[in-house]
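Listing of my_file.txt, compact mmCIF, C-alpha atoms and all ligand atoms
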```txt
# COMPACT_ATOMS: atom_id res chain seq x y z
CA MET A 1 -70.22 -74.21 -100.44
CA GLU A 2 -69.92 -72.16 -97.28
CA THR A 3 -73.13 -70.49 -96.18
CA VAL A 4 -72.28 -67.00 -95.10
CA SER A 5 -75.26 -64.69 -94.88
CA THR A 6 -73.31 -61.45 -94.64
CA PRO A 7 -69.88 -62.34 -95.93
CA GLY A 8 -68.76 -58.73 -96.18
CA ALA A 9 -69.46 -57.97 -92.55
CA GLN A 10 -68.02 -61.23 -91.34
CA ALA A 11 -64.77 -61.16 -93.22
CA THR A 12 -63.92 -57.54 -92.42
CA SER A 13 -64.26 -58.08 -88.70
CA GLY A 14 -60.50 -58.48 -88.34
CA GLY A 15 -59.98 -54.81 -87.40
CA ASP A 16 -57.87 -52.24 -89.24
CA GLY A 17 -55.12 -54.61 -90.34
CA PRO A 18 -54.72 -55.83 -93.92
CA LEU A 19 -57.74 -57.65 -95.28
CA LEU A 20 -55.74 -59.56 -97.87
CA ARG A 21 -52.17 -60.73 -97.36
CA VAL A 22 -50.11 -62.20 -100.17
CA GLU A 23 -46.85 -63.40 -98.61
CA HIS A 24 -43.98 -64.69 -100.73
CA VAL A 25 -46.37 -66.45 -103.04
CA GLY A 26 -45.03 -68.65 -105.81
CA ILE A 27 -47.26 -70.55 -108.22
CA ASP A 28 -46.14 -73.36 -110.53
CA TYR A 29 -48.07 -75.12 -113.25
CA VAL A 30 -47.28 -78.69 -114.20
CA THR A 31 -48.01 -79.45 -117.84
CA GLY A 32 -46.93 -82.60 -119.64
CA GLY A 33 -44.72 -83.55 -116.69
CA ARG A 34 -42.89 -80.21 -116.82
CA ARG A 35 -43.05 -77.71 -113.97
CA VAL A 36 -43.29 -74.07 -115.05
CA THR A 37 -43.09 -71.27 -112.52
CA ALA A 38 -45.66 -68.61 -113.41
CA VAL A 39 -45.45 -66.52 -110.22
CA GLY A 40 -41.98 -66.35 -108.66
CA ASP A 41 -42.17 -64.54 -105.33
CA VAL A 42 -44.93 -61.99 -104.84
CA SER A 43 -45.86 -60.15 -101.63
CA PHE A 44 -48.34 -57.32 -101.07
CA GLU A 45 -51.10 -56.38 -98.66
CA VAL A 46 -54.53 -54.89 -99.23
CA ARG A 47 -56.32 -52.89 -96.56
CA PRO A 48 -60.12 -52.90 -96.26
CA ARG A 49 -61.74 -50.63 -98.89
CA GLU A 50 -58.52 -50.09 -100.80
CA LYS A 51 -58.43 -50.24 -104.58
CA ILE A 52 -55.36 -52.20 -105.62
CA ILE A 53 -54.26 -52.69 -109.20
CA LEU A 54 -52.08 -55.54 -110.45
CA LEU A 55 -50.16 -54.22 -113.46
CA GLY A 56 -47.65 -56.27 -115.41
CA PRO A 57 -46.66 -57.60 -118.81
CA SER A 58 -48.65 -60.30 -120.57
CA GLY A 59 -47.96 -63.75 -119.14
CA CYS A 60 -46.44 -62.48 -115.88
CA GLY A 61 -49.03 -64.31 -113.79
CA LYS A 62 -51.68 -61.69 -113.00
CA SER A 63 -54.62 -64.00 -113.77
CA THR A 64 -52.85 -66.83 -111.96
CA LEU A 65 -52.51 -64.69 -108.81
CA LEU A 66 -56.14 -63.61 -109.01
CA LYS A 67 -57.27 -67.23 -109.37
CA ALA A 68 -55.25 -68.18 -106.29
CA ILE A 69 -56.82 -65.33 -104.30
CA ALA A 70 -60.26 -66.46 -105.52
CA GLY A 71 -59.39 -69.94 -104.23
CA PHE A 72 -59.51 -71.66 -107.64
CA LEU A 73 -55.90 -72.83 -107.24
CA GLN A 74 -53.44 -73.16 -104.37
CA PRO A 75 -50.03 -71.44 -104.24
CA SER A 76 -47.01 -73.72 -104.58
CA ALA A 77 -45.11 -71.56 -102.06
CA GLY A 78 -45.97 -68.83 -99.57
CA ARG A 79 -49.34 -67.92 -98.14
CA ILE A 80 -52.48 -66.05 -99.15
CA SER A 81 -54.88 -65.06 -96.38
CA VAL A 82 -58.13 -63.11 -96.27
CA ALA A 83 -59.15 -61.72 -92.89
CA GLY A 84 -56.62 -64.07 -91.30
CA ARG A 85 -57.88 -67.23 -93.02
CA ASP A 86 -55.65 -69.09 -95.47
CA ARG A 87 -55.97 -72.29 -97.55
CA LEU A 88 -58.68 -70.46 -99.42
CA ARG A 89 -61.48 -72.16 -101.27
CA PRO A 90 -63.82 -70.27 -103.59
CA GLY A 91 -66.46 -68.37 -101.61
CA PRO A 92 -68.95 -65.53 -102.00
CA ASP A 93 -66.71 -63.23 -99.95
CA ARG A 94 -64.47 -63.01 -103.07
CA ALA A 95 -66.53 -62.38 -106.20
CA VAL A 96 -64.80 -62.52 -109.58
CA VAL A 97 -65.46 -60.62 -112.81
CA PHE A 98 -63.58 -61.92 -115.87
CA GLN A 99 -62.65 -60.34 -119.16
CA GLU A 100 -64.80 -62.58 -121.34
CA PHE A 101 -68.25 -61.44 -122.41
CA ASP A 102 -69.53 -65.04 -122.21
CA GLN A 103 -69.38 -65.36 -118.42
CA LEU A 104 -73.18 -64.95 -118.18
CA PHE A 105 -75.78 -67.71 -118.38
CA PRO A 106 -77.15 -67.31 -121.94
CA TRP A 107 -80.52 -68.81 -121.02
CA ARG A 108 -81.18 -66.43 -118.13
CA THR A 109 -82.32 -62.82 -118.30
CA VAL A 110 -80.21 -59.98 -116.90
CA ALA A 111 -82.24 -59.98 -113.68
CA ASP A 112 -81.99 -63.77 -113.34
CA ASN A 113 -78.25 -63.76 -114.05
CA VAL A 114 -77.79 -61.39 -111.12
CA ALA A 115 -80.24 -63.24 -108.85
CA TYR A 116 -78.97 -66.76 -109.55
CA PRO A 117 -75.86 -66.81 -107.27
CA LEU A 118 -78.00 -65.38 -104.47
CA ARG A 119 -80.39 -68.32 -104.85
CA VAL A 120 -77.45 -70.74 -104.85
CA THR A 121 -76.15 -69.21 -101.63
CA GLY A 122 -79.50 -69.77 -99.98
CA ARG A 123 -81.58 -66.61 -100.38
CA PRO A 124 -85.34 -67.07 -100.85
CA ARG A 125 -86.57 -66.31 -104.37
CA ALA A 126 -88.33 -63.02 -103.57
CA GLU A 127 -85.39 -61.66 -101.59
CA ALA A 128 -82.93 -62.68 -104.31
CA ALA A 129 -85.06 -60.87 -106.90
CA GLN A 130 -85.21 -57.77 -104.73
CA VAL A 131 -81.46 -57.62 -104.11
CA ALA A 132 -80.79 -58.32 -107.80
CA ALA A 133 -83.09 -55.46 -108.83
CA ARG A 134 -81.11 -53.08 -106.63
CA PHE A 135 -77.80 -53.96 -108.29
CA VAL A 136 -79.33 -54.04 -111.77
CA GLU A 137 -80.42 -50.48 -111.05
CA MET A 138 -77.05 -49.45 -109.65
CA THR A 139 -75.37 -50.58 -112.85
CA GLY A 140 -77.88 -48.77 -115.07
CA LEU A 141 -79.46 -51.94 -116.45
CA THR A 142 -83.06 -51.62 -115.30
CA PRO A 143 -84.41 -51.01 -118.83
CA ALA A 144 -82.64 -54.21 -119.95
CA ALA A 145 -83.56 -56.36 -116.93
CA ASP A 146 -85.68 -58.78 -118.98
CA ARG A 147 -83.26 -59.14 -121.87
CA TYR A 148 -81.05 -62.16 -122.53
CA PRO A 149 -77.25 -61.87 -122.89
CA HIS A 150 -77.34 -62.20 -126.69
CA GLN A 151 -79.45 -59.04 -126.75
CA LEU A 152 -76.80 -56.98 -124.90
CA SER A 153 -73.71 -55.04 -125.98
CA GLY A 154 -70.29 -56.03 -124.60
CA GLY A 155 -70.36 -53.13 -122.14
CA MET A 156 -73.81 -54.12 -120.91
CA LYS A 157 -72.70 -57.71 -120.42
CA GLN A 158 -69.79 -56.55 -118.29
CA ARG A 159 -72.19 -54.42 -116.26
CA VAL A 160 -74.31 -57.52 -115.61
CA ALA A 161 -71.21 -59.41 -114.48
CA ILE A 162 -70.34 -56.52 -112.12
CA ALA A 163 -73.91 -56.36 -110.77
CA ARG A 164 -73.92 -60.12 -110.23
CA ALA A 165 -70.61 -60.01 -108.35
CA LEU A 166 -71.61 -57.06 -106.16
CA ALA A 167 -75.03 -58.51 -105.32
CA LEU A 168 -73.20 -61.21 -103.34
CA ASP A 169 -71.95 -58.47 -101.00
CA PRO A 170 -68.36 -59.65 -101.39
CA THR A 171 -65.59 -58.41 -99.14
CA ILE A 172 -63.26 -58.29 -102.11
CA LEU A 173 -64.20 -57.74 -105.73
CA LEU A 174 -61.65 -59.46 -107.98
CA MET A 175 -61.62 -58.17 -111.56
CA ASP A 176 -59.45 -59.63 -114.32
CA GLU A 177 -59.19 -57.13 -117.19
CA PRO A 178 -62.97 -56.74 -117.27
CA PHE A 179 -62.87 -53.84 -119.72
CA GLY A 180 -60.08 -55.16 -121.94
CA SER A 181 -62.30 -56.01 -124.90
CA LEU A 182 -64.38 -52.84 -124.87
CA ASP A 183 -64.02 -49.82 -127.16
CA ALA A 184 -62.22 -46.83 -125.65
CA GLN A 185 -65.34 -44.77 -125.02
CA THR A 186 -67.28 -47.55 -123.29
CA ARG A 187 -64.19 -48.45 -121.31
CA THR A 188 -63.80 -44.89 -120.00
CA ARG A 189 -67.48 -44.75 -119.07
CA LEU A 190 -67.34 -48.07 -117.21
CA GLN A 191 -64.18 -47.03 -115.37
CA ARG A 192 -65.99 -43.94 -114.10
CA GLU A 193 -69.07 -45.96 -113.16
CA LEU A 194 -66.96 -48.57 -111.37
CA ASN A 195 -65.30 -45.85 -109.30
CA GLU A 196 -68.73 -44.55 -108.24
CA ILE A 197 -70.11 -48.02 -107.49
CA VAL A 198 -67.07 -49.04 -105.47
CA ALA A 199 -67.37 -45.85 -103.43
CA ARG A 200 -71.04 -46.59 -102.75
CA THR A 201 -70.63 -50.25 -101.80
CA HIS A 202 -67.35 -49.88 -99.83
CA VAL A 203 -66.09 -53.07 -101.43
CA THR A 204 -62.33 -53.71 -101.55
CA LEU A 205 -61.14 -53.88 -105.15
CA LEU A 206 -58.35 -55.96 -106.66
CA PHE A 207 -58.20 -55.17 -110.36
CA VAL A 208 -55.91 -56.63 -113.02
CA THR A 209 -55.02 -54.58 -116.07
CA HIS A 210 -52.45 -54.02 -118.81
CA SER A 211 -53.43 -50.40 -119.09
CA ILE A 212 -51.37 -47.80 -117.24
CA GLN A 213 -54.10 -45.19 -117.72
CA GLU A 214 -56.74 -47.53 -116.27
CA ALA A 215 -54.46 -48.36 -113.33
CA ILE A 216 -54.07 -44.69 -112.42
CA LEU A 217 -57.74 -43.83 -112.90
CA LEU A 218 -59.05 -46.73 -110.80
CA GLY A 219 -56.38 -47.46 -108.23
CA ASP A 220 -55.23 -46.26 -104.84
CA ARG A 221 -52.01 -48.26 -105.22
CA VAL A 222 -50.53 -50.07 -108.20
CA VAL A 223 -48.56 -53.29 -107.69
CA VAL A 224 -46.16 -53.44 -110.64
CA LEU A 225 -45.05 -56.98 -111.48
CA SER A 226 -41.99 -58.09 -113.44
CA HIS A 227 -42.35 -60.66 -116.18
CA SER A 228 -42.69 -64.36 -115.32
CA PRO A 229 -41.62 -65.84 -112.90
CA SER A 230 -42.93 -62.60 -111.46
CA SER A 231 -41.98 -60.61 -108.42
CA VAL A 232 -43.10 -57.17 -107.26
CA ARG A 233 -41.09 -54.46 -108.99
CA GLU A 234 -42.58 -51.61 -107.01
CA ILE A 235 -45.83 -50.54 -105.35
CA VAL A 236 -46.82 -47.05 -106.49
CA ASP A 237 -49.31 -44.85 -104.65
CA VAL A 238 -51.66 -43.19 -107.16
CA SER A 239 -54.49 -42.37 -104.75
CA ALA A 240 -54.16 -38.61 -105.07
CA ILE A 241 -54.22 -38.59 -108.87
CA ALA A 242 -57.47 -38.44 -110.80
CA ASP A 243 -57.22 -35.78 -113.49
CA PRO A 244 -55.61 -37.21 -116.66
CA ASP A 245 -54.54 -33.70 -117.69
CA ALA A 246 -52.74 -32.94 -114.43
CA GLU A 247 -48.96 -32.86 -114.34
CA ALA A 248 -48.92 -35.44 -111.53
CA PHE A 249 -50.81 -37.86 -113.78
CA VAL A 250 -48.26 -37.49 -116.56
CA HIS A 251 -45.44 -37.93 -114.06
CA VAL A 252 -46.81 -41.15 -112.54
CA ARG A 253 -47.67 -42.51 -115.98
CA ARG A 254 -44.06 -42.02 -117.02
CA LYS A 255 -42.90 -43.73 -113.84
CA LEU A 256 -45.15 -46.77 -114.41
CA ARG A 257 -44.06 -46.97 -118.05
CA GLY A 258 -40.44 -46.94 -116.93
CA LEU A 259 -41.07 -49.73 -114.41
CA LEU A 260 -42.76 -51.90 -117.03
CA ALA A 261 -40.13 -51.18 -119.66
CA ARG A 262 -37.33 -52.28 -117.35
CA ASP A 263 -37.77 -55.86 -118.52
CA GLY A 264 -37.27 -54.71 -122.07
CA GLU A 265 -40.98 -55.45 -122.51
CA GLU A 266 -43.11 -53.68 -125.01
CA VAL A 267 -45.40 -51.55 -122.91
CA GLU A 268 -48.84 -52.81 -123.75
CA GLY A 269 -51.74 -50.75 -122.83
CA GLY A 270 -54.44 -50.79 -125.32
CA VAL A 271 -55.82 -47.71 -126.84
CA ASP A 272 -55.44 -45.25 -124.06
CA ASP A 273 -51.77 -45.46 -123.20
N1 LIG B 301 -53.52 -73.72 -116.76
C1 LIG B 301 -52.25 -73.46 -117.08
N2 LIG B 301 -51.35 -74.45 -117.30
C2 LIG B 301 -50.08 -74.20 -117.59
N3 LIG B 301 -49.55 -72.96 -117.69
C3 LIG B 301 -50.37 -71.93 -117.49
C4 LIG B 301 -51.76 -72.11 -117.18
N4 LIG B 301 -52.33 -70.89 -117.03
C5 LIG B 301 -51.35 -70.00 -117.24
N5 LIG B 301 -50.18 -70.61 -117.52
C6 LIG B 301 -48.88 -69.95 -117.77
O1 LIG B 301 -48.56 -69.18 -116.63
C7 LIG B 301 -48.02 -67.91 -117.01
C8 LIG B 301 -48.87 -66.80 -116.42
O2 LIG B 301 -50.15 -66.83 -117.02
P1 LIG B 301 -51.29 -65.79 -116.63
O3 LIG B 301 -52.48 -66.14 -117.45
O4 LIG B 301 -51.45 -65.77 -115.17
O5 LIG B 301 -50.63 -64.41 -117.12
P2 LIG B 301 -51.27 -62.95 -117.18
O6 LIG B 301 -50.32 -62.04 -116.49
O7 LIG B 301 -52.67 -62.99 -116.70
O8 LIG B 301 -51.22 -62.66 -118.76
P3 LIG B 301 -52.23 -61.77 -119.64
O9 LIG B 301 -51.92 -60.34 -119.29
O10 LIG B 301 -51.84 -62.10 -121.05
O11 LIG B 301 -53.63 -62.16 -119.31
C9 LIG B 301 -47.96 -67.93 -118.52
O12 LIG B 301 -46.67 -68.31 -118.90
C10 LIG B 301 -48.97 -68.98 -118.92
O13 LIG B 301 -48.62 -69.60 -120.12
MG MG B 302 -54.49 -62.66 -117.62
```

Rewrite the structure from the file as structure tokens, please.
Ligand SMILES: Nc1ncnc2c1ncn2[C@@H]1O[C@H](COP(=O)(O)OP(=O)(O)OP(=O)(O)O)[C@@H](O)[C@H]1O
Ligand SMILES: [Mg+2]
Amino acid sequence: METVSTPGAQATSGGDGPLLRVEHVGIDYVTGGRRVTAVGDVSFEVRPREKIILLGPSGCGKSTLLKAIAGFLQPSAGRISVAGRDRLRPGPDRAVVFQEFDQLFPWRTVADNVAYPLRVTGRPRAEAAQVAARFVEMTGLTPAADRYPHQLSGGMKQRVAIARALALDPTILLMDEPFGSLDAQTRTRLQRELNEIVARTHVTLLFVTHSIQEAILLGDRVVVLSHSPSSVREIVDVSAIADPDAEAFVHVRRKLRGLLARDGEEVEGGVDD
């Protein structure tokens, strides 16, 4: 694993240009000798500190794209670069939060779950504990710091996963439907909290969702993908829209619905769409 003491600072040093570039990326899977194209031809750019949403129908390749950006798999065509570097391998500059509640270590406490990746990346024990405590606090988990995952609600587990990712001081926070399995009320609360935390940490956010409402509430820009083999249907600026009761919100929601429905897809969106 790369040892990067301040990955955020290092990777953003490329100036004001895009931090992340996805250029004509195609991704195939080979299963049972058959090649299936999941991502057809996708291009978009993310500037430092932007909040970008990937929105698209189920199976269009959102998770696949996120995994390629995280460095877990390589594109079959095109190029993905972060701060000018391509051929990405997984690294602490790109922390990932998944949808599943079981992404925590069940045998470690909340505090230790957050501290563990810091230890792995070379921080001394006391410093790791100190940094972890800060992010446990930021995510409202201090009273639960000594609990184990089985003693937490789904929302609390996702908060731990967010704290753990942010404690690494990533340049980009990659989130794959992290609130998809939560009830509507918890989901709304975590969306609000995430907005506040992202503003405080200045992290760049790339967030995958099915939910149009979530996309508008969290994003600066929404990259709308067609179904698989996916391409970019349109990139919609939603940065000025925050109030769900405002006319502009209703307008952009209708626009995003229209873009998703163009494939004849059922517009999925969970409870809030
Ligand atoms: N490991 C794999 N091997 C083979 N095919 C895969 C693999 N992972 C995903 N796929 C296929 O690639 C396509 C895109 O999958 P992906 O999980 O990226 O979609 P998604 O947009 O994240 O869907 P969802 O919104 O349901 O999570 C799908 O057709 C899926 O079946
Ligand atoms: Mg997915």

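Residues in contact with A:Phe44 at 12 Å, where all atoms listed in the file are counted and same-chain residues fewer than 5 positions away are skipped, are listed as A:Pro18, A:Leu19, A:Leu20, A:Arg21, A:Val22, A:Glu23, A:His24, A:Val25, A:Ile52, A:Ile53, A:Leu54, A:Leu65, A:Gly78, A:Arg79, A:Ile80, A:Ser81, A:Leu206, A:Arg221, A:Val222, A:Val223, A:Val224, A:Leu225, A:Ser231, A:Val232, A:Arg233, A:Glu234, A:Ile235, A:Val236.
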
Atomic distance atom CA of A:Tyr148 - atom CA of A:Val198, expressed in Å with one decimal: 25.7 Å

Listing only residues of chain A within 9 Å of ligand MG 302 (chain B), what is the closest atom pair and its distance in Å (to one decimal) for each, using only C-alpha atoms and all ligand atoms, sorted by chain and residue number ascending, as CSV?
```
residue,atom,partner,partner_atom,distance
A:Ser58,CA,B:MG302,MG,7.0
A:Gly59,CA,B:MG302,MG,6.8
A:Cys60,CA,B:MG302,MG,8.2
A:Gly61,CA,B:MG302,MG,6.9
A:Lys62,CA,B:MG302,MG,5.5
A:Ser63,CA,B:MG302,MG,4.1
A:Thr64,CA,B:MG302,MG,7.2
A:Leu66,CA,B:MG302,MG,8.8
A:Gln99,CA,B:MG302,MG,8.6
A:Asp176,CA,B:MG302,MG,6.7
A:Glu177,CA,B:MG302,MG,7.3
A:Val208,CA,B:MG302,MG,7.7
A:Thr209,CA,B:MG302,MG,8.2
A:His210,CA,B:MG302,MG,9.0
```

Between stretch 192-254 of chain A and stretch 31-37 of chain A, at 12 Å or less, what are the per-residue closest atom pairs and their distances in Å? Count only C-alpha atoms, order by chain and rising residue number, and return it as a Markdown table.
```
| residue | atom | partner | partner_atom | distance |
| --- | --- | --- | --- | --- |
| A:His227 | CA | A:Thr37 | CA | 11.2 |
| A:Ser228 | CA | A:Thr37 | CA | 7.5 |
| A:Pro229 | CA | A:Thr37 | CA | 5.6 |
| A:Ser230 | CA | A:Thr37 | CA | 8.7 |
| A:Ser231 | CA | A:Thr37 | CA | 11.5 |
```

Spatial neighbours of A:Ala145, 10 Å, all atoms listed in the file, chain gap at least 4 places, as JSON, numbers by chain: {"A": [109, 110, 111, 112, 113, 114, 132, 133, 136, 137, 140, 141, 160]}

Nearest candidate to ligand LIG 301 (chain B) (options A:Thr186, A:Gln130, A:Gln158, A:Ser226; using all atoms listed in the file):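 That would be A:Ser226, the residue with the smallest distance to ligand LIG 301 (chain B).
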
Option closest in space to ligand LIG 301 (chain B), from A:Ala95, A:Leu194, A:Val39, A:Leu168 [counting only C-alpha atoms and all ligand atoms]: A:Val39

Which of A:Asp220, A:Asp93, A:Asp245, A:Glu100 sits closest to A:Phe207 [using only C-alpha atoms]: A:Asp220

Nearest to A:Lys157 by atom-to-atom distance, counting only C-alpha atoms, from A:Thr139, A:Gln185, A:Gln191, A:Ser43: A:Thr139

Computed interatomic separation between atom CA of A:Trp107 and atom CA of A:Pro178 (Å): 21.6 Å

Atomic separation - atom CA of A:Glu50 relative to atom CA of A:Ala128, Å: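 Atom CA of A:Ala128 sits 27.7 Å away from atom CA of A:Glu50.
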
Mind giving me the axis-aligned box for stretch 251-263 of chain A with 8 Å on every side, centre plus edges in Å to one decimal, as AutoDock Vina command-line options?
```
--center_x -42.5 --center_y -46.9 --center_z -116.1 --size_x 26.3 --size_y 33.9 --size_z 23.1
```

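For the set A:Asp28, A:Asp41, A:Asp102, A:Glu214, the residue with the smallest atom-to-atom gap to A:Ser76 is A:Asp28, counting only C-alpha atoms.
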
Counting all atoms listed in the file, the residue of A:Pro57, A:Gly84, A:Gly26, A:Pro92 that sits nearest A:Glu45: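 Nearest candidate to A:Glu45 out of A:Pro57, A:Gly84, A:Gly26, A:Pro92: A:Gly84.
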
Neighbour residues at most 12 Å from (-77.5, -69.0, -105.3) (all atoms listed in the file) as a PyMOL selection string: chain A and resi 1-5+91-92+112-125+127-129+132+164-165+167-168
